[in-house]
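Enquirer: Next comes the structure file my_file-v9.pdb, holding PDB, C-alpha atoms, pLDDT in the B column.
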ATOM      1  CA  MET Y1043     -17.949  -7.531 -75.347  1.00 49.00           C
ATOM      2  CA  ARG Y1044     -20.564  -7.346 -72.597  1.00 75.00           C
ATOM      3  CA  ILE Y1045     -21.491  -4.743 -70.001  1.00 78.00           C
ATOM      4  CA  GLU Y1046     -20.263  -7.265 -67.406  1.00 80.00           C
ATOM      5  CA  ASP Y1047     -16.747  -6.963 -68.828  1.00 82.00           C
ATOM      6  CA  ILE Y1048     -16.338  -3.297 -67.875  1.00 94.00           C
ATOM      7  CA  ARG Y1049     -13.233  -2.884 -65.732  1.00 97.00           C
ATOM      8  CA  ILE Y1050     -13.512  -0.915 -62.498  1.00 98.00           C
ATOM      9  CA  VAL Y1051     -10.103   0.580 -61.670  1.00 98.00           C
ATOM     10  CA  LEU Y1052      -9.127   1.895 -58.239  1.00 97.00           C
ATOM     11  CA  VAL Y1053      -5.960   4.006 -58.166  1.00 97.00           C
ATOM     12  CA  HIS Y1054      -3.941   3.708 -54.960  1.00 95.00           C
ATOM     13  CA  PRO Y1055      -6.874   2.631 -52.743  1.00 94.00           C
ATOM     14  CA  GLN Y1056      -5.904   2.991 -49.092  1.00 90.00           C
ATOM     15  CA  GLY Y1057      -8.625   1.162 -47.212  1.00 88.00           C
ATOM     16  CA  GLN Y1058      -9.338  -2.549 -47.369  1.00 93.00           C
ATOM     17  CA  LEU Y1059     -12.877  -1.927 -46.116  1.00 95.00           C
ATOM     18  CA  ASN Y1060     -13.506   0.272 -49.136  1.00 94.00           C
ATOM     19  CA  ILE Y1061     -12.060  -2.307 -51.517  1.00 96.00           C
ATOM     20  CA  GLY Y1062     -14.401  -4.931 -50.083  1.00 97.00           C
ATOM     21  CA  SER Y1063     -17.373  -2.574 -50.358  1.00 96.00           C
ATOM     22  CA  VAL Y1064     -16.486  -1.829 -53.982  1.00 96.00           C
ATOM     23  CA  ALA Y1065     -16.415  -5.551 -54.761  1.00 97.00           C
ATOM     24  CA  ARG Y1066     -19.865  -5.983 -53.236  1.00 96.00           C
ATOM     25  CA  ALA Y1067     -21.232  -3.007 -55.202  1.00 95.00           C
ATOM     26  CA  MET Y1068     -19.887  -4.541 -58.416  1.00 96.00           C
ATOM     27  CA  LYS Y1069     -21.444  -7.900 -57.568  1.00 95.00           C
ATOM     28  CA  ASN Y1070     -24.822  -6.235 -56.972  1.00 94.00           C
ATOM     29  CA  VAL Y1071     -24.986  -5.181 -60.637  1.00 93.00           C
ATOM     30  CA  GLY Y1072     -23.132  -8.076 -62.247  1.00 93.00           C
ATOM     31  CA  LEU Y1073     -19.753  -6.441 -62.877  1.00 95.00           C
ATOM     32  CA  LYS Y1074     -16.816  -8.790 -62.399  1.00 93.00           C
ATOM     33  CA  GLU Y1075     -13.492  -7.169 -63.275  1.00 96.00           C
ATOM     34  CA  LEU Y1076     -11.727  -5.171 -60.556  1.00 97.00           C
ATOM     35  CA  ALA Y1077      -8.266  -3.692 -61.092  1.00 97.00           C
ATOM     36  CA  LEU Y1078      -6.150  -2.129 -58.334  1.00 97.00           C
ATOM     37  CA  VAL Y1079      -3.283   0.248 -59.054  1.00 97.00           C
ATOM     38  CA  ASP Y1080      -0.599   0.334 -56.345  1.00 94.00           C
ATOM     39  CA  PRO Y1081      -3.009  -0.616 -53.549  1.00 94.00           C
ATOM     40  CA  VAL Y1082      -2.187  -0.284 -49.861  1.00 89.00           C
ATOM     41  CA  GLY Y1083      -2.508  -3.898 -48.756  1.00 87.00           C
ATOM     42  CA  SER Y1084      -3.932  -7.028 -50.338  1.00 91.00           C
ATOM     43  CA  PRO Y1085      -7.424  -7.258 -51.868  1.00 92.00           C
ATOM     44  CA  ILE Y1086      -7.958 -10.478 -49.902  1.00 93.00           C
ATOM     45  CA  HIS Y1087      -7.174  -8.806 -46.572  1.00 94.00           C
ATOM     46  CA  PRO Y1088      -9.677  -9.898 -43.869  1.00 94.00           C
ATOM     47  CA  ASP Y1089     -11.151  -6.371 -43.716  1.00 95.00           C
ATOM     48  CA  ALA Y1090     -11.845  -6.447 -47.451  1.00 94.00           C
ATOM     49  CA  ARG Y1091     -13.414  -9.886 -47.223  1.00 95.00           C
ATOM     50  CA  LEU Y1092     -15.556  -8.697 -44.315  1.00 95.00           C
ATOM     51  CA  MET Y1093     -17.240  -6.052 -46.482  1.00 95.00           C
ATOM     52  CA  ALA Y1094     -17.363  -8.087 -49.705  1.00 95.00           C
ATOM     53  CA  VAL Y1095     -20.350 -10.183 -48.705  1.00 94.00           C
ATOM     54  CA  GLY Y1096     -20.978 -12.628 -51.547  1.00 94.00           C
ATOM     55  CA  ALA Y1097     -18.226 -11.039 -53.644  1.00 95.00           C
ATOM     56  CA  HIS Y1098     -15.064 -12.786 -52.453  1.00 96.00           C
ATOM     57  CA  ASP Y1099     -14.492 -14.086 -55.977  1.00 96.00           C
ATOM     58  CA  ILE Y1100     -14.082 -10.499 -57.243  1.00 96.00           C
ATOM     59  CA  LEU Y1101     -11.418  -9.842 -54.602  1.00 97.00           C
ATOM     60  CA  GLU Y1102      -9.611 -13.088 -55.352  1.00 96.00           C
ATOM     61  CA  ASP Y1103      -9.606 -12.395 -59.103  1.00 96.00           C
ATOM     62  CA  ALA Y1104      -8.651  -8.720 -58.765  1.00 97.00           C
ATOM     63  CA  LEU Y1105      -5.924  -7.544 -61.141  1.00 97.00           C
ATOM     64  CA  ILE Y1106      -3.047  -5.621 -59.559  1.00 97.00           C
ATOM     65  CA  PHE Y1107      -0.857  -3.162 -61.485  1.00 97.00           C
ATOM     66  CA  PRO Y1108       2.008  -0.857 -60.488  1.00 96.00           C
ATOM     67  CA  HIS Y1109       0.868   2.018 -62.731  1.00 97.00           C
ATOM     68  CA  LEU Y1110      -2.430   3.256 -64.121  1.00 97.00           C
ATOM     69  CA  ALA Y1111      -1.138   3.093 -67.703  1.00 97.00           C
ATOM     70  CA  ASP Y1112      -0.558  -0.640 -67.223  1.00 97.00           C
ATOM     71  CA  ALA Y1113      -4.097  -1.169 -65.942  1.00 97.00           C
ATOM     72  CA  LEU Y1114      -5.523   0.631 -68.986  1.00 97.00           C
ATOM     73  CA  ALA Y1115      -3.183  -0.667 -71.715  1.00 96.00           C
ATOM     74  CA  GLU Y1116      -5.701  -3.037 -73.319  1.00 95.00           C
ATOM     75  CA  CYS Y1117      -8.721  -0.776 -72.759  1.00 95.00           C
ATOM     76  CA  THR Y1118     -10.107   1.250 -75.638  1.00 94.00           C
ATOM     77  CA  TRP Y1119     -12.444   3.657 -73.835  1.00 94.00           C
ATOM     78  CA  VAL Y1120     -11.515   5.054 -70.414  1.00 96.00           C
ATOM     79  CA  ILE Y1121     -13.680   7.182 -68.134  1.00 96.00           C
ATOM     80  CA  GLY Y1122     -12.107   9.054 -65.250  1.00 95.00           C
ATOM     81  CA  THR Y1123     -14.090  10.210 -62.218  1.00 94.00           C
ATOM     82  CA  THR Y1124     -13.517  13.576 -60.590  1.00 90.00           C
ATOM     83  CA  ARG Y1125     -15.149  15.910 -58.123  1.00 84.00           C
ATOM     84  CA  ARG Y1126     -13.031  18.947 -59.036  1.00 73.00           C
ATOM     85  CA  GLY Y1127     -13.413  21.100 -62.141  1.00 67.00           C
ATOM     86  CA  GLY Y1128     -10.909  23.390 -63.868  1.00 63.00           C
ATOM     87  CA  LYS Y1129      -9.283  23.897 -67.265  1.00 63.00           C
ATOM     88  CA  ARG Y1130      -7.863  20.357 -67.314  1.00 64.00           C
ATOM     89  CA  ARG Y1131     -11.254  18.918 -66.299  1.00 65.00           C
ATOM     90  CA  GLU Y1132     -13.662  20.458 -68.788  1.00 72.00           C
ATOM     91  CA  GLY Y1133     -16.588  18.704 -70.462  1.00 76.00           C
ATOM     92  CA  LEU Y1134     -17.724  16.800 -67.385  1.00 89.00           C
ATOM     93  CA  ILE Y1135     -20.741  14.521 -67.795  1.00 92.00           C
ATOM     94  CA  ASP Y1136     -22.865  12.862 -65.131  1.00 93.00           C
ATOM     95  CA  PRO Y1137     -23.059   9.095 -64.508  1.00 94.00           C
ATOM     96  CA  ARG Y1138     -26.355   8.717 -66.377  1.00 94.00           C
ATOM     97  CA  GLN Y1139     -24.942  10.316 -69.538  1.00 93.00           C
ATOM     98  CA  MET Y1140     -21.811   8.213 -69.148  1.00 93.00           C
ATOM     99  CA  ALA Y1141     -23.771   4.972 -68.824  1.00 92.00           C
ATOM    100  CA  VAL Y1142     -25.822   5.557 -71.982  1.00 89.00           C
ATOM    101  CA  GLU Y1143     -22.645   6.290 -73.930  1.00 89.00           C
ATOM    102  CA  ILE Y1144     -20.871   3.215 -72.568  1.00 90.00           C
ATOM    103  CA  THR Y1145     -23.661   0.821 -73.504  1.00 86.00           C
ATOM    104  CA  GLU Y1146     -23.039   1.722 -77.152  1.00 83.00           C
ATOM    105  CA  ILE Y1147     -19.241   1.663 -76.985  1.00 87.00           C
ATOM    106  CA  VAL Y1148     -18.883  -1.537 -74.943  1.00 85.00           C
ATOM    107  CA  GLN Y1149     -20.231  -3.694 -77.777  1.00 84.00           C
ATOM    108  CA  GLN Y1150     -16.896  -3.463 -79.600  1.00 87.00           C
ATOM    109  CA  ASN Y1151     -14.558  -2.071 -76.963  1.00 91.00           C
ATOM    110  CA  LYS Y1152     -12.936  -2.768 -73.615  1.00 93.00           C
ATOM    111  CA  VAL Y1153     -14.168  -0.068 -71.234  1.00 95.00           C
ATOM    112  CA  ALA Y1154     -12.659   1.027 -67.915  1.00 96.00           C
ATOM    113  CA  VAL Y1155     -13.989   3.402 -65.271  1.00 97.00           C
ATOM    114  CA  VAL Y1156     -11.264   4.850 -63.055  1.00 97.00           C
ATOM    115  CA  PHE Y1157     -11.579   6.069 -59.468  1.00 97.00           C
ATOM    116  CA  GLY Y1158      -8.887   7.892 -57.494  1.00 93.00           C
ATOM    117  CA  SER Y1159      -7.635   7.379 -53.960  1.00 91.00           C
ATOM    118  CA  GLU Y1160      -9.815   8.262 -51.002  1.00 87.00           C
ATOM    119  CA  ASP Y1161      -7.843  11.357 -50.012  1.00 85.00           C
ATOM    120  CA  ARG Y1162      -6.769  12.948 -53.307  1.00 86.00           C
ATOM    121  CA  GLY Y1163      -8.761  11.482 -56.153  1.00 89.00           C
ATOM    122  CA  LEU Y1164      -7.197  11.318 -59.609  1.00 92.00           C
ATOM    123  CA  THR Y1165      -4.319  13.580 -60.630  1.00 91.00           C
ATOM    124  CA  ASN Y1166      -4.266  15.564 -63.873  1.00 90.00           C
ATOM    125  CA  ARG Y1167      -1.779  13.040 -65.246  1.00 92.00           C
ATOM    126  CA  ASP Y1168      -4.194  10.217 -64.391  1.00 94.00           C
ATOM    127  CA  LEU Y1169      -6.991  12.047 -66.183  1.00 93.00           C
ATOM    128  CA  ASP Y1170      -4.786  12.539 -69.243  1.00 92.00           C
ATOM    129  CA  LEU Y1171      -5.172   8.788 -69.767  1.00 94.00           C
ATOM    130  CA  CYS Y1172      -8.968   9.105 -69.889  1.00 94.00           C
ATOM    131  CA  GLN Y1173     -11.170   9.912 -72.884  1.00 92.00           C
ATOM    132  CA  ARG Y1174     -14.144  11.031 -70.804  1.00 92.00           C
ATOM    133  CA  LEU Y1175     -14.553  12.640 -67.372  1.00 94.00           C
ATOM    134  CA  VAL Y1176     -17.571  12.011 -65.182  1.00 94.00           C
ATOM    135  CA  THR Y1177     -18.650  13.729 -61.983  1.00 93.00           C
ATOM    136  CA  ILE Y1178     -21.400  12.758 -59.538  1.00 92.00           C
ATOM    137  CA  PRO Y1179     -23.660  15.730 -58.745  1.00 89.00           C
ATOM    138  CA  ALA Y1180     -23.868  16.318 -55.009  1.00 85.00           C
ATOM    139  CA  HIS Y1181     -24.599  19.142 -52.567  1.00 84.00           C
ATOM    140  CA  GLU Y1182     -21.985  21.878 -52.898  1.00 79.00           C
ATOM    141  CA  GLU Y1183     -21.380  22.104 -49.145  1.00 76.00           C
ATOM    142  CA  HIS Y1184     -20.483  18.439 -48.811  1.00 78.00           C
ATOM    143  CA  GLY Y1185     -20.039  16.970 -52.265  1.00 71.00           C
ATOM    144  CA  SER Y1186     -17.217  14.514 -51.619  1.00 79.00           C
ATOM    145  CA  LEU Y1187     -18.439  10.912 -51.665  1.00 87.00           C
ATOM    146  CA  ASN Y1188     -16.963   7.834 -50.063  1.00 91.00           C
ATOM    147  CA  LEU Y1189     -15.105   5.744 -52.656  1.00 93.00           C
ATOM    148  CA  ALA Y1190     -17.425   2.747 -52.417  1.00 93.00           C
ATOM    149  CA  GLN Y1191     -20.489   4.998 -52.578  1.00 94.00           C
ATOM    150  CA  ALA Y1192     -19.188   6.621 -55.759  1.00 94.00           C
ATOM    151  CA  VAL Y1193     -18.533   3.225 -57.344  1.00 96.00           C
ATOM    152  CA  MET Y1194     -22.031   2.043 -56.393  1.00 96.00           C
ATOM    153  CA  ILE Y1195     -23.669   5.057 -58.071  1.00 96.00           C
ATOM    154  CA  VAL Y1196     -21.683   4.560 -61.279  1.00 95.00           C
ATOM    155  CA  CYS Y1197     -22.297   0.794 -61.289  1.00 94.00           C
ATOM    156  CA  TYR Y1198     -26.031   1.270 -60.761  1.00 95.00           C
ATOM    157  CA  GLU Y1199     -26.272   3.678 -63.706  1.00 94.00           C
ATOM    158  CA  LEU Y1200     -24.382   1.207 -65.891  1.00 93.00           C
ATOM    159  CA  TYR Y1201     -26.758  -1.578 -64.889  1.00 92.00           C
ATOM    160  CA  LEU Y1202     -29.833   0.572 -65.456  1.00 91.00           C
ATOM    161  CA  ALA Y1203     -28.657   1.716 -68.903  1.00 89.00           C
ATOM    162  CA  SER Y1204     -27.820  -1.840 -69.979  1.00 83.00           C
ATOM    163  CA  TRP Y1205     -31.221  -3.069 -68.785  1.00 80.00           C
ATOM    164  CA  GLN Y1206     -33.049  -0.346 -70.730  1.00 76.00           C
ATOM    165  CA  LYS Y1207     -30.866  -0.528 -73.824  1.00 68.00           C
ATOM    166  CA  LYS Y1208     -32.446  -1.343 -77.170  1.00 62.00           C
ATOM    167  CA  ASP Y1209     -30.536  -3.376 -79.741  1.00 60.00           C
ATOM    168  CA  THR Y1210     -28.423  -1.193 -82.022  1.00 59.00           C
ATOM    169  CA  SER Y1211     -25.701  -1.829 -84.545  1.00 61.00           C
ATOM    170  CA  PRO Y1212     -22.264  -2.168 -82.924  1.00 64.00           C
ATOM    171  CA  GLY Y1213     -19.936   0.825 -83.166  1.00 72.00           C
ATOM    172  CA  LYS Y1214     -16.349   0.806 -84.321  1.00 83.00           C
ATOM    173  CA  ARG Y1215     -13.416  -0.783 -82.506  1.00 89.00           C
ATOM    174  CA  LEU Y1216     -11.369   2.023 -80.976  1.00 93.00           C
ATOM    175  CA  ALA Y1217      -7.612   2.226 -80.448  1.00 95.00           C
ATOM    176  CA  THR Y1218      -6.364   0.857 -77.123  1.00 95.00           C
ATOM    177  CA  SER Y1219      -4.971   3.074 -74.401  1.00 96.00           C
ATOM    178  CA  ALA Y1220      -1.488   1.700 -75.119  1.00 95.00           C
ATOM    179  CA  GLU Y1221      -1.850   2.570 -78.822  1.00 96.00           C
ATOM    180  CA  LEU Y1222      -3.057   6.068 -77.986  1.00 96.00           C
ATOM    181  CA  GLU Y1223      -0.239   6.646 -75.509  1.00 96.00           C
ATOM    182  CA  GLY Y1224       2.284   5.585 -78.144  1.00 96.00           C
ATOM    183  CA  MET Y1225       0.753   8.123 -80.524  1.00 97.00           C
ATOM    184  CA  TYR Y1226       0.849  10.893 -77.929  1.00 96.00           C
ATOM    185  CA  ARG Y1227       4.513  10.239 -77.136  1.00 96.00           C
ATOM    186  CA  HIS Y1228       5.319  10.239 -80.852  1.00 96.00           C
ATOM    187  CA  MET Y1229       3.294  13.421 -81.368  1.00 96.00           C
ATOM    188  CA  GLU Y1230       4.973  15.217 -78.471  1.00 96.00           C
ATOM    189  CA  GLU Y1231       8.415  14.351 -79.844  1.00 95.00           C
ATOM    190  CA  ALA Y1232       7.525  15.582 -83.352  1.00 94.00           C
ATOM    191  CA  LEU Y1233       5.878  18.781 -82.139  1.00 95.00           C
ATOM    192  CA  LEU Y1234       8.895  19.581 -79.977  1.00 94.00           C
ATOM    193  CA  ARG Y1235      11.154  19.153 -83.015  1.00 91.00           C
ATOM    194  CA  ILE Y1236       9.159  21.572 -85.141  1.00 91.00           C
ATOM    195  CA  GLY Y1237       8.916  24.099 -82.298  1.00 91.00           C
ATOM    196  CA  PHE Y1238       5.165  23.888 -81.753  1.00 93.00           C
ATOM    197  CA  LEU Y1239       5.433  22.883 -78.092  1.00 92.00           C
ATOM    198  CA  GLU Y1240       7.186  24.858 -75.373  1.00 92.00           C
ATOM    199  CA  GLN Y1241      10.363  23.065 -74.371  1.00 90.00           C
ATOM    200  CA  SER Y1242       9.842  24.070 -70.750  1.00 91.00           C
ATOM    201  CA  ASN Y1243       6.241  22.823 -70.485  1.00 91.00           C
ATOM    202  CA  PRO Y1244       5.133  20.601 -73.404  1.00 93.00           C
ATOM    203  CA  LYS Y1245       2.506  18.814 -71.297  1.00 91.00           C
ATOM    204  CA  ARG Y1246       0.274  21.876 -71.146  1.00 90.00           C
ATOM    205  CA  MET Y1247      -0.493  21.919 -74.877  1.00 93.00           C
ATOM    206  CA  MET Y1248      -0.409  18.128 -75.054  1.00 94.00           C
ATOM    207  CA  ALA Y1249      -3.282  18.071 -72.554  1.00 92.00           C
ATOM    208  CA  VAL Y1250      -5.314  20.218 -74.966  1.00 91.00           C
ATOM    209  CA  LEU Y1251      -4.474  17.904 -77.870  1.00 94.00           C
ATOM    210  CA  ARG Y1252      -5.472  14.879 -75.811  1.00 94.00           C
ATOM    211  CA  ARG Y1253      -8.910  16.404 -75.235  1.00 91.00           C
ATOM    212  CA  ILE Y1254      -9.311  17.146 -78.948  1.00 93.00           C
ATOM    213  CA  PHE Y1255      -8.408  13.622 -80.053  1.00 94.00           C
ATOM    214  CA  SER Y1256     -10.470  12.016 -77.286  1.00 91.00           C
ATOM    215  CA  LYS Y1257     -13.566  13.596 -78.831  1.00 89.00           C
ATOM    216  CA  ALA Y1258     -12.653  11.989 -82.168  1.00 90.00           C
ATOM    217  CA  GLN Y1259     -12.759   8.421 -80.752  1.00 91.00           C
ATOM    218  CA  LEU Y1260      -9.825   7.274 -82.877  1.00 94.00           C
ATOM    219  CA  ASP Y1261      -9.479   3.741 -84.191  1.00 93.00           C
ATOM    220  CA  LEU Y1262      -6.152   2.007 -84.859  1.00 94.00           C
ATOM    221  CA  ARG Y1263      -6.017   3.029 -88.529  1.00 95.00           C
ATOM    222  CA  GLU Y1264      -6.510   6.689 -87.619  1.00 96.00           C
ATOM    223  CA  VAL Y1265      -3.802   6.441 -84.961  1.00 96.00           C
ATOM    224  CA  GLN Y1266      -1.431   4.978 -87.549  1.00 96.00           C
ATOM    225  CA  VAL Y1267      -2.175   7.839 -89.971  1.00 97.00           C
ATOM    226  CA  LEU Y1268      -1.436  10.456 -87.304  1.00 97.00           C
ATOM    227  CA  ARG Y1269       1.788   8.698 -86.381  1.00 96.00           C
ATOM    228  CA  GLY Y1270       2.721   8.685 -90.056  1.00 96.00           C
ATOM    229  CA  ILE Y1271       2.306  12.464 -90.116  1.00 95.00           C
ATOM    230  CA  CYS Y1272       4.548  12.720 -87.044  1.00 95.00           C
ATOM    231  CA  ARG Y1273       7.205  10.548 -88.678  1.00 94.00           C
ATOM    232  CA  GLN Y1274       7.133  12.659 -91.831  1.00 94.00           C
ATOM    233  CA  ALA Y1275       7.381  15.912 -89.874  1.00 91.00           C
ATOM    234  CA  SER Y1276      10.354  14.594 -87.886  1.00 90.00           C
ATOM    235  CA  TRP Y1277      12.049  13.354 -91.078  1.00 90.00           C
ATOM    236  CA  TYR Y1278      11.554  16.711 -92.764  1.00 89.00           C
ATOM    237  CA  VAL Y1279      13.064  18.630 -89.847  1.00 87.00           C
ATOM    238  CA  GLU Y1280      16.056  16.261 -89.634  1.00 82.00           C
ATOM    239  CA  THR Y1281      16.850  16.312 -93.360  1.00 85.00           C
ATOM    240  CA  HIS Y1282      16.455  20.063 -93.796  1.00 77.00           C
ATOM    241  CA  THR Y1283      18.443  20.855 -90.654  1.00 67.00           C
ATOM    242  CA  MET Y1284      21.375  18.917 -92.078  1.00 56.00           C
ATOM    243  CA  GLU Y1285      21.414  20.888 -95.354  1.00 53.00           C
TER     244      GLU Y1285
END
Show the structure stored in the file as structure tokens.

Expert:
Amino acid sequence: MRIEDIRIVLVHPQGQLNIGSVARAMKNVGLKELALVDPVGSPIHPDARLMAVGAHDILEDALIFPHLADALAECTWVIGTTRRGGKRREGLIDPRQMAVEITEIVQQNKVAVVFGSEDRGLTNRDLDLCQRLVTIPAHEEHGSLNLAQAVMIVCYELYLASWQKKDTSPGKRLATSAELEGMYRHMEEALLRIGFLEQSNPKRMMAVLRRIFSKAQLDLREVQVLRGICRQASWYVETHTME
């Protein structure tokens, strides 16, 4: 896996000019893979092509998905971008910290960096699919960046970190987003059965568990072990309820 293979994901982008500018920013640092989730309009719209000077190939090869989970299914390390803080958005790092971390992980893993729509950014549910959250420091009175500007800052830090990186031993291959989501669904079902989660709002505690397991950087074997625990817990509840 190479730094060039990092996937830039735009969720519900609304402006073709921005999409074209994002493609050009990616081209400036050698990134190639652009994914669009439920975009408004085509990535090869004339307005997008107008801004994507020298980067029309990125627009033409852009991957289009109906849902964010689909765009991330094969990825094993996902970074979400956010301007807002809060309980669901703790542990924010800046783009420079993110880039150094990614240069280690990308050797064995498919990495994606996710950006929200121009007007609302990423939702809490979107961020639940991410293992890391990054924010771009900016002046508190006007800290909201244009989408393409935000992508350019992140892409530049990735390029700089890869250029400065020293050779190190490759890290472990992490579980894919699809594998993690399967585990979380299984875990939620088991924890509901044993009464650990609130029936009325299970997602609240599940968000906490997601943050805990994201820090662990689980591989497939570890995911399988946790799912085995969930299966055993569900079996125990079912068999003892019937007695």

Enquirer: Could you tell me which of Y:Glu1046, Y:Glu1230, Y:Asp1112, Y:Glu1146 comes closest to Val1250 of chain Y if we count only C-alpha atoms?

Expert: Y:Glu1230

Enquirer: How many Å separate atom CA of Leu1134 of chain Y from atom CA of Leu1200 of chain Y?

Expert: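 Going from atom CA of Leu1134 of chain Y over to atom CA of Leu1200 of chain Y covers 17.0 Å.
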
Enquirer: Would you work out the distance separating atom CA of Ser1063 of chain Y from atom CA of Glu1116 of chain Y, expressed in Å to one decimal?

Expert: 25.8 Å

Enquirer: Give me the residues near segment 1178-1187 of chain Y as a list in words, where near means some atom within 9 Å (using all atoms listed in the file) and where sequence neighbours in that chain fewer than 4 positions away do not count.

Expert: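 In the requested form, the answer reads Thr1123, Thr1124, Arg1125, Ile1135, Asp1136, Pro1137, Gln1191, Ala1192, Ile1195 and Val1196 of chain Y.
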
Enquirer: Give the answer as one residue: which of Y:Ala1104, Y:Thr1118, Y:Arg1235, Y:Leu1169 has the shortest atom-to-atom distance to Arg1252 of chain Y, using all atoms listed in the file?

Expert: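 The answer is Y:Leu1169, which sits nearest to Arg1252 of chain Y.
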
Enquirer: Check which residues satisfy the PyMOL selection byres ((chain Y and resi 1055) around 10) in the file shown, then give them as a list in words.

Expert: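 Applied to this file, the PyMOL selection byres ((chain Y and resi 1055) around 10) selects Val1051, Leu1052, Val1053, His1054, Gln1056, Gly1057, Gln1058, Asn1060, Ile1061, Leu1078, Val1079, Asp1080, Pro1081, Val1082, Gly1083, Pro1085, Phe1157, Gly1158, Ser1159, Glu1160, Asp1161, Gly1163 and Leu1189 of chain Y.
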
Enquirer: Residues as selected, C-alpha atoms, written as a PDB file, in the coordinates of the input, can you do that?

Expert:
ATOM      1  CA  VAL Y1051     -10.103   0.580 -61.670  1.00 98.00           C
ATOM      2  CA  LEU Y1052      -9.127   1.895 -58.239  1.00 97.00           C
ATOM      3  CA  VAL Y1053      -5.960   4.006 -58.166  1.00 97.00           C
ATOM      4  CA  HIS Y1054      -3.941   3.708 -54.960  1.00 95.00           C
ATOM      5  CA  GLN Y1056      -5.904   2.991 -49.092  1.00 90.00           C
ATOM      6  CA  GLY Y1057      -8.625   1.162 -47.212  1.00 88.00           C
ATOM      7  CA  GLN Y1058      -9.338  -2.549 -47.369  1.00 93.00           C
ATOM      8  CA  ASN Y1060     -13.506   0.272 -49.136  1.00 94.00           C
ATOM      9  CA  ILE Y1061     -12.060  -2.307 -51.517  1.00 96.00           C
ATOM     10  CA  LEU Y1078      -6.150  -2.129 -58.334  1.00 97.00           C
ATOM     11  CA  VAL Y1079      -3.283   0.248 -59.054  1.00 97.00           C
ATOM     12  CA  ASP Y1080      -0.599   0.334 -56.345  1.00 94.00           C
ATOM     13  CA  PRO Y1081      -3.009  -0.616 -53.549  1.00 94.00           C
ATOM     14  CA  VAL Y1082      -2.187  -0.284 -49.861  1.00 89.00           C
ATOM     15  CA  GLY Y1083      -2.508  -3.898 -48.756  1.00 87.00           C
ATOM     16  CA  PRO Y1085      -7.424  -7.258 -51.868  1.00 92.00           C
ATOM     17  CA  PHE Y1157     -11.579   6.069 -59.468  1.00 97.00           C
ATOM     18  CA  GLY Y1158      -8.887   7.892 -57.494  1.00 93.00           C
ATOM     19  CA  SER Y1159      -7.635   7.379 -53.960  1.00 91.00           C
ATOM     20  CA  GLU Y1160      -9.815   8.262 -51.002  1.00 87.00           C
ATOM     21  CA  ASP Y1161      -7.843  11.357 -50.012  1.00 85.00           C
ATOM     22  CA  GLY Y1163      -8.761  11.482 -56.153  1.00 89.00           C
ATOM     23  CA  LEU Y1189     -15.105   5.744 -52.656  1.00 93.00           C
TER      24      LEU Y1189
END

Enquirer: Name the residues captured by the PyMOL selection byres ((chain Y and resi 1086) around 9) when it is applied to the shown file; answer as number ranges by chain.

Expert: Y: 1058, 1062, 1083-1085, 1087-1091, 1098, 1101-1102

Enquirer: Export C-alpha atoms of the chosen residues as a compact mmCIF listing (two decimals), in the coordinates of the input?

Expert:
# COMPACT_ATOMS: atom_id res chain seq x y z
CA GLN Y 1058 -9.34 -2.55 -47.37
CA GLY Y 1062 -14.40 -4.93 -50.08
CA GLY Y 1083 -2.51 -3.90 -48.76
CA SER Y 1084 -3.93 -7.03 -50.34
CA PRO Y 1085 -7.42 -7.26 -51.87
CA HIS Y 1087 -7.17 -8.81 -46.57
CA PRO Y 1088 -9.68 -9.90 -43.87
CA ASP Y 1089 -11.15 -6.37 -43.72
CA ALA Y 1090 -11.84 -6.45 -47.45
CA ARG Y 1091 -13.41 -9.89 -47.22
CA HIS Y 1098 -15.06 -12.79 -52.45
CA LEU Y 1101 -11.42 -9.84 -54.60
CA GLU Y 1102 -9.61 -13.09 -55.35

Enquirer: Spell out the residues picked by the PyMOL selection byres ((chain Y and resi 1266) around 12) here, as a VMD selection string.

Expert: chain Y and resid 1217 1221 to 1222 1224 to 1226 1228 to 1229 1260 to 1265 1267 to 1273

Enquirer: Write the residues you've just listed into a file as a PDB file, in the frame of the given file, and include C-alpha atoms for each of them.

Expert:
ATOM      1  CA  ALA Y1217      -7.612   2.226 -80.448  1.00 95.00           C
ATOM      2  CA  GLU Y1221      -1.850   2.570 -78.822  1.00 96.00           C
ATOM      3  CA  LEU Y1222      -3.057   6.068 -77.986  1.00 96.00           C
ATOM      4  CA  GLY Y1224       2.284   5.585 -78.144  1.00 96.00           C
ATOM      5  CA  MET Y1225       0.753   8.123 -80.524  1.00 97.00           C
ATOM      6  CA  TYR Y1226       0.849  10.893 -77.929  1.00 96.00           C
ATOM      7  CA  HIS Y1228       5.319  10.239 -80.852  1.00 96.00           C
ATOM      8  CA  MET Y1229       3.294  13.421 -81.368  1.00 96.00           C
ATOM      9  CA  LEU Y1260      -9.825   7.274 -82.877  1.00 94.00           C
ATOM     10  CA  ASP Y1261      -9.479   3.741 -84.191  1.00 93.00           C
ATOM     11  CA  LEU Y1262      -6.152   2.007 -84.859  1.00 94.00           C
ATOM     12  CA  ARG Y1263      -6.017   3.029 -88.529  1.00 95.00           C
ATOM     13  CA  GLU Y1264      -6.510   6.689 -87.619  1.00 96.00           C
ATOM     14  CA  VAL Y1265      -3.802   6.441 -84.961  1.00 96.00           C
ATOM     15  CA  VAL Y1267      -2.175   7.839 -89.971  1.00 97.00           C
ATOM     16  CA  LEU Y1268      -1.436  10.456 -87.304  1.00 97.00           C
ATOM     17  CA  ARG Y1269       1.788   8.698 -86.381  1.00 96.00           C
ATOM     18  CA  GLY Y1270       2.721   8.685 -90.056  1.00 96.00           C
ATOM     19  CA  ILE Y1271       2.306  12.464 -90.116  1.00 95.00           C
ATOM     20  CA  CYS Y1272       4.548  12.720 -87.044  1.00 95.00           C
ATOM     21  CA  ARG Y1273       7.205  10.548 -88.678  1.00 94.00           C
TER      22      ARG Y1273
END
